[in-house]
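J.: File name target-v7.cif; file contents mmCIF, C-alpha atoms; full text below.
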data_coords
loop_
_atom_site.label_atom_id
_atom_site.label_comp_id
_atom_site.auth_asym_id
_atom_site.auth_seq_id
_atom_site.Cartn_x
_atom_site.Cartn_y
_atom_site.Cartn_z
CA MET A 1 150.66 92.56 -45.23
CA SER A 2 152.53 95.21 -43.31
CA GLY A 3 152.54 95.35 -39.54
CA HIS A 4 151.13 98.87 -39.73
CA ASN A 5 148.07 97.82 -41.74
CA ARG A 6 147.42 94.78 -39.55
CA TRP A 7 147.38 96.85 -36.38
CA SER A 8 145.13 99.42 -38.04
CA LYS A 9 142.66 96.62 -38.74
CA ILE A 10 142.94 95.32 -35.19
CA LYS A 11 142.07 98.79 -33.87
CA HIS A 12 139.02 99.02 -36.12
CA LYS A 13 137.74 95.63 -34.92
CA VAL A 14 138.49 96.23 -31.26
CA MET A 15 136.92 99.69 -31.23
CA ALA A 16 133.64 98.41 -32.69
CA ASN A 17 132.05 97.82 -29.28
CA ALA A 18 130.75 100.65 -27.10
CA ALA A 19 133.16 100.14 -24.19
CA SER A 20 136.20 100.26 -26.45
CA LYS A 21 134.84 103.25 -28.34
CA GLY A 22 134.55 105.08 -25.02
CA LYS A 23 138.20 104.28 -24.31
CA ALA A 24 139.16 105.53 -27.77
CA TRP A 25 137.28 108.79 -27.22
CA THR A 26 139.12 109.32 -23.93
CA LYS A 27 142.41 109.05 -25.82
CA TYR A 28 141.20 111.48 -28.49
CA ILE A 29 140.28 113.97 -25.75
CA ARG A 30 143.78 113.76 -24.29
CA GLU A 31 145.40 114.32 -27.67
CA ILE A 32 143.12 117.26 -28.50
CA THR A 33 143.77 118.81 -25.08
CA VAL A 34 147.55 118.56 -25.45
CA ALA A 35 147.46 119.82 -29.06
CA ALA A 36 145.41 122.85 -28.02
CA ARG A 37 147.69 123.55 -25.05
CA MET A 38 150.80 123.47 -27.25
CA GLY A 39 149.56 125.22 -30.38
CA GLY A 40 146.40 127.09 -29.47
CA GLY A 41 142.72 126.32 -29.91
CA ASP A 42 142.30 127.33 -33.57
CA PRO A 43 142.56 124.23 -35.82
CA ALA A 44 143.28 126.42 -38.85
CA GLY A 45 146.63 127.42 -37.37
CA ASN A 46 147.39 124.24 -35.44
CA PHE A 47 148.14 121.21 -37.62
CA ARG A 48 148.33 118.79 -34.71
CA LEU A 49 144.93 119.92 -33.42
CA ARG A 50 143.36 119.65 -36.88
CA ALA A 51 144.65 116.10 -37.28
CA ALA A 52 143.43 115.10 -33.80
CA ILE A 53 139.95 116.52 -34.40
CA ASP A 54 139.78 114.88 -37.82
CA LYS A 55 140.57 111.48 -36.30
CA ALA A 56 138.09 111.92 -33.45
CA ARG A 57 135.29 113.05 -35.74
CA ALA A 58 135.97 110.14 -38.10
CA ASP A 59 135.22 107.89 -35.11
CA ASN A 60 131.96 109.81 -34.50
CA MET A 61 133.05 111.64 -31.35
CA PRO A 62 130.53 114.48 -30.73
CA MET A 63 131.68 118.03 -31.41
CA ASP A 64 130.70 119.03 -27.87
CA ASN A 65 133.38 116.64 -26.56
CA VAL A 66 135.89 118.12 -28.98
CA GLN A 67 135.15 121.68 -27.85
CA ARG A 68 135.43 120.76 -24.17
CA ALA A 69 138.81 119.14 -24.81
CA ILE A 70 140.03 122.25 -26.64
CA LYS A 71 138.93 124.45 -23.72
CA LYS A 72 140.84 122.23 -21.31
CA GLY A 73 143.94 122.75 -23.40
CA THR A 74 143.57 126.50 -23.69
CA GLY A 75 142.85 126.95 -19.98
CA GLU A 76 139.14 127.74 -20.30
CA GLY A 77 138.05 124.46 -18.72
CA GLU A 78 139.31 122.17 -15.99
CA ALA A 79 143.12 122.23 -16.14
CA VAL A 80 144.83 118.88 -16.77
CA ASN A 81 148.56 118.61 -17.38
CA TYR A 82 149.66 115.66 -19.48
CA GLU A 83 153.28 114.73 -20.07
CA GLU A 84 154.29 113.23 -23.41
CA LEU A 85 156.62 110.23 -23.36
CA ALA A 86 157.86 107.67 -25.88
CA TYR A 87 158.70 104.17 -24.63
CA GLU A 88 161.01 102.15 -26.86
CA VAL A 89 160.29 98.45 -26.45
CA TYR A 90 161.64 95.12 -27.65
CA GLY A 91 158.90 92.58 -28.34
CA PRO A 92 158.84 88.86 -29.15
CA GLY A 93 161.28 87.74 -31.83
CA GLY A 94 163.40 90.88 -31.55
CA THR A 95 160.63 93.10 -32.88
CA ALA A 96 160.58 96.83 -32.23
CA ILE A 97 157.67 98.69 -30.61
CA VAL A 98 157.18 102.38 -29.88
CA LEU A 99 154.55 103.45 -27.35
CA ASP A 100 153.27 107.03 -27.44
CA ILE A 101 152.30 107.97 -23.88
CA LEU A 102 150.24 110.82 -22.44
CA THR A 103 150.17 110.72 -18.66
CA ASP A 104 149.40 112.92 -15.68
CA ASN A 105 151.57 110.71 -13.44
CA ARG A 106 154.88 109.58 -14.94
CA ASN A 107 155.80 107.25 -12.06
CA ARG A 108 152.46 105.44 -12.05
CA THR A 109 152.56 104.94 -15.79
CA ALA A 110 156.16 103.68 -15.74
CA SER A 111 155.31 101.08 -13.12
CA GLU A 112 152.19 99.90 -14.94
CA ILE A 113 153.87 99.69 -18.34
CA ARG A 114 156.85 97.75 -16.96
CA HIS A 115 154.48 95.28 -15.31
CA LEU A 116 152.47 94.94 -18.53
CA LEU A 117 155.60 94.29 -20.58
CA GLU A 118 156.96 91.71 -18.13
CA LYS A 119 153.65 89.84 -18.32
CA HIS A 120 153.61 89.80 -22.13
CA ASN A 121 157.24 89.13 -23.11
CA GLY A 122 158.25 92.72 -23.77
CA LYS A 123 161.21 94.73 -22.50
CA ILE A 124 161.93 98.46 -22.42
CA GLY A 125 165.01 99.40 -24.43
CA ALA A 126 167.48 102.24 -24.01
CA ALA A 127 166.68 105.67 -25.45
CA GLY A 128 167.30 105.64 -29.20
CA SER A 129 167.46 101.85 -29.46
CA VAL A 130 164.16 101.50 -31.34
CA LEU A 131 162.98 104.87 -32.66
CA TYR A 132 165.62 105.03 -35.39
CA GLN A 133 163.86 102.11 -37.12
CA PHE A 134 160.73 104.20 -37.81
CA LYS A 135 159.87 107.28 -39.83
CA LYS A 136 156.91 109.58 -39.17
CA ARG A 137 154.56 109.71 -42.15
CA GLY A 138 151.09 110.85 -43.08
CA VAL A 139 149.04 107.86 -44.24
CA ILE A 140 145.63 108.12 -45.96
CA HIS A 141 143.65 104.94 -46.74
CA PHE A 142 141.09 104.65 -49.54
CA ASP A 143 138.82 101.68 -50.27
CA GLY A 144 140.34 100.03 -53.32
CA GLY A 145 136.91 99.04 -54.60
CA ALA A 146 135.57 102.58 -54.39
CA VAL A 147 138.27 104.56 -56.20
CA ASP A 148 140.05 104.46 -59.52
CA GLU A 149 143.68 103.90 -58.54
CA ASP A 150 145.15 105.65 -61.59
CA GLN A 151 142.97 108.72 -61.12
CA LEU A 152 143.77 108.82 -57.39
CA MET A 153 147.48 108.51 -58.08
CA GLU A 154 147.39 111.40 -60.54
CA ALA A 155 145.42 113.56 -58.12
CA ALA A 156 147.58 112.63 -55.10
CA LEU A 157 150.85 113.50 -56.81
CA GLU A 158 149.31 116.74 -58.08
CA VAL A 159 148.42 117.89 -54.55
CA GLY A 160 151.78 117.02 -52.98
CA ALA A 161 151.68 113.37 -51.89
CA ASP A 162 154.97 111.47 -51.82
CA ASP A 163 153.81 108.00 -52.79
CA ILE A 164 150.74 105.86 -53.46
CA ARG A 165 150.54 102.07 -53.10
CA ASN A 166 148.01 99.27 -53.36
CA GLU A 167 148.15 97.35 -50.08
CA ASP A 168 145.82 94.43 -49.38
CA GLY A 169 142.88 95.88 -51.26
CA ALA A 170 143.37 99.42 -49.99
CA VAL A 171 144.92 102.29 -51.92
CA VAL A 172 147.27 104.08 -49.53
CA VAL A 173 148.61 107.61 -50.02
CA TYR A 174 151.78 108.62 -48.15
CA THR A 175 152.73 112.20 -47.31
CA GLU A 176 155.19 114.21 -45.28
CA PRO A 177 153.72 114.63 -41.76
CA GLY A 178 153.24 118.37 -42.15
CA HIS A 179 151.41 117.94 -45.47
CA TYR A 180 149.01 115.25 -44.27
CA MET A 181 145.91 117.40 -43.67
CA ASP A 182 146.48 119.55 -46.75
CA VAL A 183 146.76 116.49 -49.01
CA LYS A 184 143.77 114.78 -47.39
CA ASP A 185 141.62 117.91 -47.69
CA ALA A 186 142.68 118.47 -51.30
CA LEU A 187 141.88 114.88 -52.31
CA GLU A 188 138.47 115.01 -50.67
CA LYS A 189 137.72 118.25 -52.53
CA LYS A 190 138.50 116.32 -55.73
CA GLY A 191 135.93 113.69 -54.76
CA PHE A 192 138.18 111.04 -53.17
CA LYS A 193 136.66 110.18 -49.78
CA ALA A 194 139.22 108.68 -47.41
CA ALA A 195 138.31 105.59 -45.40
CA SER A 196 140.78 106.59 -42.67
CA GLY A 197 143.96 108.54 -42.13
CA GLU A 198 146.54 109.51 -39.56
CA VAL A 199 150.07 110.68 -38.94
CA THR A 200 151.87 107.56 -37.81
CA MET A 201 155.26 105.86 -37.53
CA ILE A 202 156.19 103.51 -40.38
CA PRO A 203 158.97 100.93 -39.86
CA ASP A 204 161.86 100.89 -42.32
CA SER A 205 161.59 97.09 -42.45
CA THR A 206 159.52 94.36 -40.81
CA ILE A 207 160.19 91.14 -38.90
CA HIS A 208 157.90 88.20 -39.68
CA LEU A 209 156.44 86.33 -36.72
CA ASP A 210 154.47 83.11 -36.66
CA GLY A 211 153.49 80.44 -34.12
CA LYS A 212 153.91 81.26 -30.44
CA GLU A 213 155.89 84.44 -31.12
CA ALA A 214 153.07 85.80 -33.28
CA GLU A 215 150.52 84.96 -30.58
CA SER A 216 152.63 86.66 -27.92
CA MET A 217 152.99 89.75 -30.09
CA VAL A 218 149.25 90.09 -30.70
CA LYS A 219 148.55 89.78 -26.97
CA LEU A 220 151.28 92.29 -26.10
CA ILE A 221 150.04 94.91 -28.55
CA ASN A 222 146.42 94.46 -27.50
CA ALA A 223 147.43 94.89 -23.84
CA CYS A 224 149.33 98.09 -24.69
CA GLU A 225 146.41 99.43 -26.75
CA ASP A 226 144.11 98.79 -23.79
CA HIS A 227 146.18 100.87 -21.35
CA ASP A 228 144.62 104.28 -20.71
CA ASP A 229 147.90 106.20 -21.00
CA VAL A 230 149.03 104.62 -24.29
CA GLN A 231 147.89 106.83 -27.14
CA ASN A 232 149.48 104.93 -30.03
CA VAL A 233 151.39 101.71 -30.60
CA TYR A 234 153.79 101.31 -33.52
CA THR A 235 155.55 98.07 -34.42
CA ASN A 236 157.69 96.51 -37.13
CA ALA A 237 156.09 93.10 -36.55
CA ASP A 238 154.66 91.29 -39.59
CA ILE A 239 152.22 88.78 -38.10
CA ASP A 240 151.44 85.41 -39.65
CA ALA A 241 148.04 85.83 -41.33
CA GLU A 242 146.41 82.80 -39.68
CA VAL A 243 147.44 83.90 -36.19
CA PHE A 244 146.42 87.47 -36.88
CA GLU A 245 142.94 86.54 -38.08
CA ARG A 246 142.34 84.07 -35.25
CA LEU A 247 143.36 86.40 -32.43
CA SER A 248 141.90 89.62 -33.83
CA ALA A 249 138.53 88.18 -34.87
#
Could you show the structure in this file as C-alpha cells?
T.:
Amino acid sequence: MSGHNRWSKIKHKVMANAASKGKAWTKYIREITVAARMGGGDPAGNFRLRAAIDKARADNMPMDNVQRAIKKGTGEGEAVNYEELAYEVYGPGGTAIVLDILTDNRNRTASEIRHLLEKHNGKIGAAGSVLYQFKKRGVIHFDGGAVDEDQLMEAALEVGADDIRNEDGAVVVYTEPGHYMDVKDALEKKGFKAASGEVTMIPDSTIHLDGKEAESMVKLINACEDHDDVQNVYTNADIDAEVFERLSA
C-alpha cells in the first residue's frame, strides 16, 4: 500500500469526529481564501478555487462558509493575508516529507514547526532537498466495488486521464494537475461517482518503515496534520500494515 493512500485513510478516520472536522473546515477556508485572492472569486475561471471548493463540499462544509471565504479572498470581507510556504523535512528512516503551510505569521509558524519536528524525530532539510522526490498529480479515487474497472478505464482515458490503477480495493485515476477538475467532472457526467479526489504530491518511490520507525512516523505525521497552519502533508513513507492499523484505528 502506498504512503499516499495510507495517509488519505488516516485523514478520513481522524476527521470523522466533530472537533477534527471543524479543524479541517478551517483549513479549507484558508485554502479557498488564498485561491480567491490569487485567481479571483469565480470558480469557473479559477482552477485552484474550484478544486478547493470541491474538496470542502465533499466534506460537507456549508456553502455559506465557502462564500464567506471567497469574499475574504476578494476583499469583500474581513481581510486576512496568508503566506504560502513549503517545508522540506526528513522523517524517521530517512523518509521525505513535504509540509504545505498557510500562515499569517511566518516566525510563529517556523518556531512551532521546528519544536514539533524536534519532539517527533523530524528535521527540516535545505531548500530543494526533498521536493524533487515528488510530482504534483491529480488523483481521483473510486470505490472498487461500485464501478466496473474496465469501463472506468475506457472512460478515463477518453476524457484525458493519464493513468488508472487498482490500489488496495480502490480504482485510482491519475491526471495532470491542470486537468484534474475537467477529468473528474467528465467522469461524473458519465455516471462514475468519485469517492474522493485532490491535487496532491506523489512520491517517485517509497521507503518502507516498520517497528519503532513506523510508529514514530505515524506520530510525526499526525502531529503535523493537527497543526493549524499545515494544510497538507506529503510523504514517501510506506508504513508497516500492522503498525498503521494499530495507530490509526
J.: I need the residue set behind the PyMOL selection byres ((chain A and resi 94) around 12) for this file; please write it as a ChimeraX atom specification.
T.: /A:89-93,95-97,121-125,129-130,206-209,213-214,217,235-238
J.: Using only C-alpha atoms, determine which residues lie at most 10 Å from Phe47 of chain A, disregarding the query and same-chain residues fewer than 5 positions distant; provide the list as a PDB file with C-alpha atoms, in the coordinates of the input.
T.:
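Heads up, here's the output in out32.pdb:
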ATOM      1  CA  ALA A  35     147.460 119.820 -29.060  1.00  0.00           C
ATOM      2  CA  GLY A  39     149.560 125.220 -30.380  1.00  0.00           C
ATOM      3  CA  ASP A  42     142.300 127.330 -33.570  1.00  0.00           C
ATOM      4  CA  ALA A  52     143.430 115.100 -33.800  1.00  0.00           C
ATOM      5  CA  ILE A  53     139.950 116.520 -34.400  1.00  0.00           C
ATOM      6  CA  PRO A 177     153.720 114.630 -41.760  1.00  0.00           C
ATOM      7  CA  GLY A 178     153.240 118.370 -42.150  1.00  0.00           C
ATOM      8  CA  HIS A 179     151.410 117.940 -45.470  1.00  0.00           C
ATOM      9  CA  TYR A 180     149.010 115.250 -44.270  1.00  0.00           C
ATOM     10  CA  MET A 181     145.910 117.400 -43.670  1.00  0.00           C
ATOM     11  CA  ASP A 182     146.480 119.550 -46.750  1.00  0.00           C
TER      12      ASP A 182
END
J.: With all atoms listed in the file as the counted atoms, please give the residues lying no more than 8 Å from segment 210-212 of chain A, apart from itself and same-chain residues fewer than 2 positions off, as a ChimeraX atom specification.
T.: /A:208,214-216,239-240,243
J.: Quick one: which residues end up in the PyMOL selection byres ((chain A and resi 185) around 12) for this structure, as a compact mmCIF listing (two decimals) with C-alpha atoms, in the frame of the given file?
T.:
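Listing of expr-v4.txt after writing:
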# COMPACT_ATOMS: atom_id res chain seq x y z
CA ARG A 50 143.36 119.65 -36.88
CA ALA A 51 144.65 116.10 -37.28
CA ASP A 54 139.78 114.88 -37.82
CA ILE A 140 145.63 108.12 -45.96
CA ALA A 155 145.42 113.56 -58.12
CA ALA A 156 147.58 112.63 -55.10
CA VAL A 159 148.42 117.89 -54.55
CA GLY A 160 151.78 117.02 -52.98
CA ALA A 161 151.68 113.37 -51.89
CA HIS A 179 151.41 117.94 -45.47
CA TYR A 180 149.01 115.25 -44.27
CA MET A 181 145.91 117.40 -43.67
CA ASP A 182 146.48 119.55 -46.75
CA VAL A 183 146.76 116.49 -49.01
CA LYS A 184 143.77 114.78 -47.39
CA ALA A 186 142.68 118.47 -51.30
CA LEU A 187 141.88 114.88 -52.31
CA GLU A 188 138.47 115.01 -50.67
CA LYS A 189 137.72 118.25 -52.53
CA LYS A 190 138.50 116.32 -55.73
CA GLY A 191 135.93 113.69 -54.76
CA PHE A 192 138.18 111.04 -53.17
CA LYS A 193 136.66 110.18 -49.78
CA ALA A 194 139.22 108.68 -47.41
CA GLY A 197 143.96 108.54 -42.13
J.: Of the candidates A:Leu116, A:Ala110, A:Ile202, A:Ala223, which one gets nearest to Gln133 of chain A if we count all atoms listed in the file?
T.: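 Residue with the minimum atom-to-atom distance to Gln133 of chain A: A:Ile202.
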J.: Separation of atom CA of Leu102 of chain A and atom CA of Val172 of chain A, in Å?
T.: 28.1 Å
J.: Evaluate the PyMOL selection byres ((chain A and resi 153) around 10) and record the selected residues as a PyMOL selection string, following the chain and residue labels used in the document.
T.: chain A and resi 148-152+154-158+161+163-165+171-173
J.: Can I get the selected residues back with C-alpha atoms, as a CSV table (one decimal), in the frame of the given file?
T.:
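File written: selection_11.csv
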chain,number,residue,atom,x,y,z
A,148,ASP,CA,140.0,104.5,-59.5
A,149,GLU,CA,143.7,103.9,-58.5
A,150,ASP,CA,145.2,105.6,-61.6
A,151,GLN,CA,143.0,108.7,-61.1
A,152,LEU,CA,143.8,108.8,-57.4
A,154,GLU,CA,147.4,111.4,-60.5
A,155,ALA,CA,145.4,113.6,-58.1
A,156,ALA,CA,147.6,112.6,-55.1
A,157,LEU,CA,150.8,113.5,-56.8
A,158,GLU,CA,149.3,116.7,-58.1
A,161,ALA,CA,151.7,113.4,-51.9
A,163,ASP,CA,153.8,108.0,-52.8
A,164,ILE,CA,150.7,105.9,-53.5
A,165,ARG,CA,150.5,102.1,-53.1
A,171,VAL,CA,144.9,102.3,-51.9
A,172,VAL,CA,147.3,104.1,-49.5
A,173,VAL,CA,148.6,107.6,-50.0
J.: Between A:Ala24, A:Glu31, A:Ala195, A:Lys119, which residue has the minimum interatomic distance to Thr103 of chain A, considering only C-alpha atoms?
T.: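 Ranked by minimum distance to Thr103 of chain A, first place goes to A:Glu31.
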J.: Looking at A:Tyr87, A:Tyr132, A:Tyr28, A:Tyr234, which one is nearest to Leu49 of chain A, with distances taken over only C-alpha atoms?
T.: A:Tyr28
J.: Write segment 192-217 of chain A as a PDB file, in the coordinates of the input, completed to N, CA and C atoms.
T.:
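Writing done, so here's rebuild.pdb:
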ATOM      1  N   PHE A 192     137.637 112.299 -53.692  1.00  0.00           N
ATOM      2  CA  PHE A 192     138.180 111.040 -53.170  1.00  0.00           C
ATOM      3  C   PHE A 192     137.983 111.009 -51.651  1.00  0.00           C
ATOM      4  N   LYS A 193     136.990 110.254 -51.203  1.00  0.00           N
ATOM      5  CA  LYS A 193     136.660 110.180 -49.780  1.00  0.00           C
ATOM      6  C   LYS A 193     137.536 109.140 -49.098  1.00  0.00           C
ATOM      7  N   ALA A 194     138.320 109.588 -48.122  1.00  0.00           N
ATOM      8  CA  ALA A 194     139.220 108.680 -47.410  1.00  0.00           C
ATOM      9  C   ALA A 194     138.453 107.776 -46.468  1.00  0.00           C
ATOM     10  N   ALA A 195     138.890 106.509 -46.371  1.00  0.00           N
ATOM     11  CA  ALA A 195     138.310 105.590 -45.400  1.00  0.00           C
ATOM     12  C   ALA A 195     138.863 105.861 -44.005  1.00  0.00           C
ATOM     13  N   SER A 196     140.129 106.238 -43.935  1.00  0.00           N
ATOM     14  CA  SER A 196     140.780 106.590 -42.670  1.00  0.00           C
ATOM     15  C   SER A 196     142.085 107.292 -42.975  1.00  0.00           C
ATOM     16  N   GLY A 197     142.678 107.876 -41.948  1.00  0.00           N
ATOM     17  CA  GLY A 197     143.960 108.540 -42.130  1.00  0.00           C
ATOM     18  C   GLY A 197     144.548 108.949 -40.809  1.00  0.00           C
ATOM     19  N   GLU A 198     145.864 109.103 -40.792  1.00  0.00           N
ATOM     20  CA  GLU A 198     146.540 109.510 -39.560  1.00  0.00           C
ATOM     21  C   GLU A 198     147.999 109.843 -39.862  1.00  0.00           C
ATOM     22  N   VAL A 199     148.611 110.547 -38.933  1.00  0.00           N
ATOM     23  CA  VAL A 199     150.070 110.680 -38.940  1.00  0.00           C
ATOM     24  C   VAL A 199     150.591 109.594 -38.025  1.00  0.00           C
ATOM     25  N   THR A 200     151.456 108.747 -38.539  1.00  0.00           N
ATOM     26  CA  THR A 200     151.870 107.560 -37.810  1.00  0.00           C
ATOM     27  C   THR A 200     153.360 107.323 -37.996  1.00  0.00           C
ATOM     28  N   MET A 201     153.854 106.248 -37.402  1.00  0.00           N
ATOM     29  CA  MET A 201     155.260 105.860 -37.530  1.00  0.00           C
ATOM     30  C   MET A 201     155.322 104.590 -38.373  1.00  0.00           C
ATOM     31  N   ILE A 202     156.067 104.638 -39.470  1.00  0.00           N
ATOM     32  CA  ILE A 202     156.190 103.510 -40.380  1.00  0.00           C
ATOM     33  C   ILE A 202     157.572 102.878 -40.219  1.00  0.00           C
ATOM     34  N   PRO A 203     157.651 101.557 -40.008  1.00  0.00           N
ATOM     35  CA  PRO A 203     158.970 100.930 -39.860  1.00  0.00           C
ATOM     36  C   PRO A 203     159.711 100.876 -41.186  1.00  0.00           C
ATOM     37  N   ASP A 204     161.038 100.999 -41.119  1.00  0.00           N
ATOM     38  CA  ASP A 204     161.860 100.890 -42.320  1.00  0.00           C
ATOM     39  C   ASP A 204     161.829  99.479 -42.897  1.00  0.00           C
ATOM     40  N   SER A 205     161.696  98.478 -42.026  1.00  0.00           N
ATOM     41  CA  SER A 205     161.590  97.090 -42.450  1.00  0.00           C
ATOM     42  C   SER A 205     160.775  96.342 -41.404  1.00  0.00           C
ATOM     43  N   THR A 206     160.350  95.129 -41.730  1.00  0.00           N
ATOM     44  CA  THR A 206     159.520  94.360 -40.810  1.00  0.00           C
ATOM     45  C   THR A 206     160.179  93.032 -40.453  1.00  0.00           C
ATOM     46  N   ILE A 207     159.737  92.455 -39.338  1.00  0.00           N
ATOM     47  CA  ILE A 207     160.190  91.140 -38.900  1.00  0.00           C
ATOM     48  C   ILE A 207     158.976  90.214 -38.872  1.00  0.00           C
ATOM     49  N   HIS A 208     159.039  89.122 -39.608  1.00  0.00           N
ATOM     50  CA  HIS A 208     157.900  88.200 -39.680  1.00  0.00           C
ATOM     51  C   HIS A 208     157.857  87.324 -38.437  1.00  0.00           C
ATOM     52  N   LEU A 209     156.655  87.195 -37.877  1.00  0.00           N
ATOM     53  CA  LEU A 209     156.440  86.330 -36.720  1.00  0.00           C
ATOM     54  C   LEU A 209     155.344  85.322 -37.029  1.00  0.00           C
ATOM     55  N   ASP A 210     155.536  84.091 -36.580  1.00  0.00           N
ATOM     56  CA  ASP A 210     154.470  83.110 -36.660  1.00  0.00           C
ATOM     57  C   ASP A 210     154.473  82.270 -35.386  1.00  0.00           C
ATOM     58  N   GLY A 211     153.539  81.329 -35.281  1.00  0.00           N
ATOM     59  CA  GLY A 211     153.490  80.440 -34.120  1.00  0.00           C
ATOM     60  C   GLY A 211     153.322  81.188 -32.810  1.00  0.00           C
ATOM     61  N   LYS A 212     154.024  80.708 -31.786  1.00  0.00           N
ATOM     62  CA  LYS A 212     153.910  81.260 -30.440  1.00  0.00           C
ATOM     63  C   LYS A 212     154.377  82.718 -30.371  1.00  0.00           C
ATOM     64  N   GLU A 213     155.411  83.054 -31.133  1.00  0.00           N
ATOM     65  CA  GLU A 213     155.890  84.440 -31.120  1.00  0.00           C
ATOM     66  C   GLU A 213     154.832  85.390 -31.663  1.00  0.00           C
ATOM     67  N   ALA A 214     154.135  84.971 -32.713  1.00  0.00           N
ATOM     68  CA  ALA A 214     153.070  85.800 -33.280  1.00  0.00           C
ATOM     69  C   ALA A 214     151.937  85.967 -32.269  1.00  0.00           C
ATOM     70  N   GLU A 215     151.574  84.882 -31.588  1.00  0.00           N
ATOM     71  CA  GLU A 215     150.520  84.960 -30.580  1.00  0.00           C
ATOM     72  C   GLU A 215     150.915  85.904 -29.445  1.00  0.00           C
ATOM     73  N   SER A 216     152.161  85.790 -28.996  1.00  0.00           N
ATOM     74  CA  SER A 216     152.630  86.660 -27.920  1.00  0.00           C
ATOM     75  C   SER A 216     152.594  88.125 -28.343  1.00  0.00           C
ATOM     76  N   MET A 217     152.953  88.380 -29.597  1.00  0.00           N
ATOM     77  CA  MET A 217     152.990  89.750 -30.090  1.00  0.00           C
ATOM     78  C   MET A 217     151.588  90.360 -30.138  1.00  0.00           C
TER      79      MET A 217
END
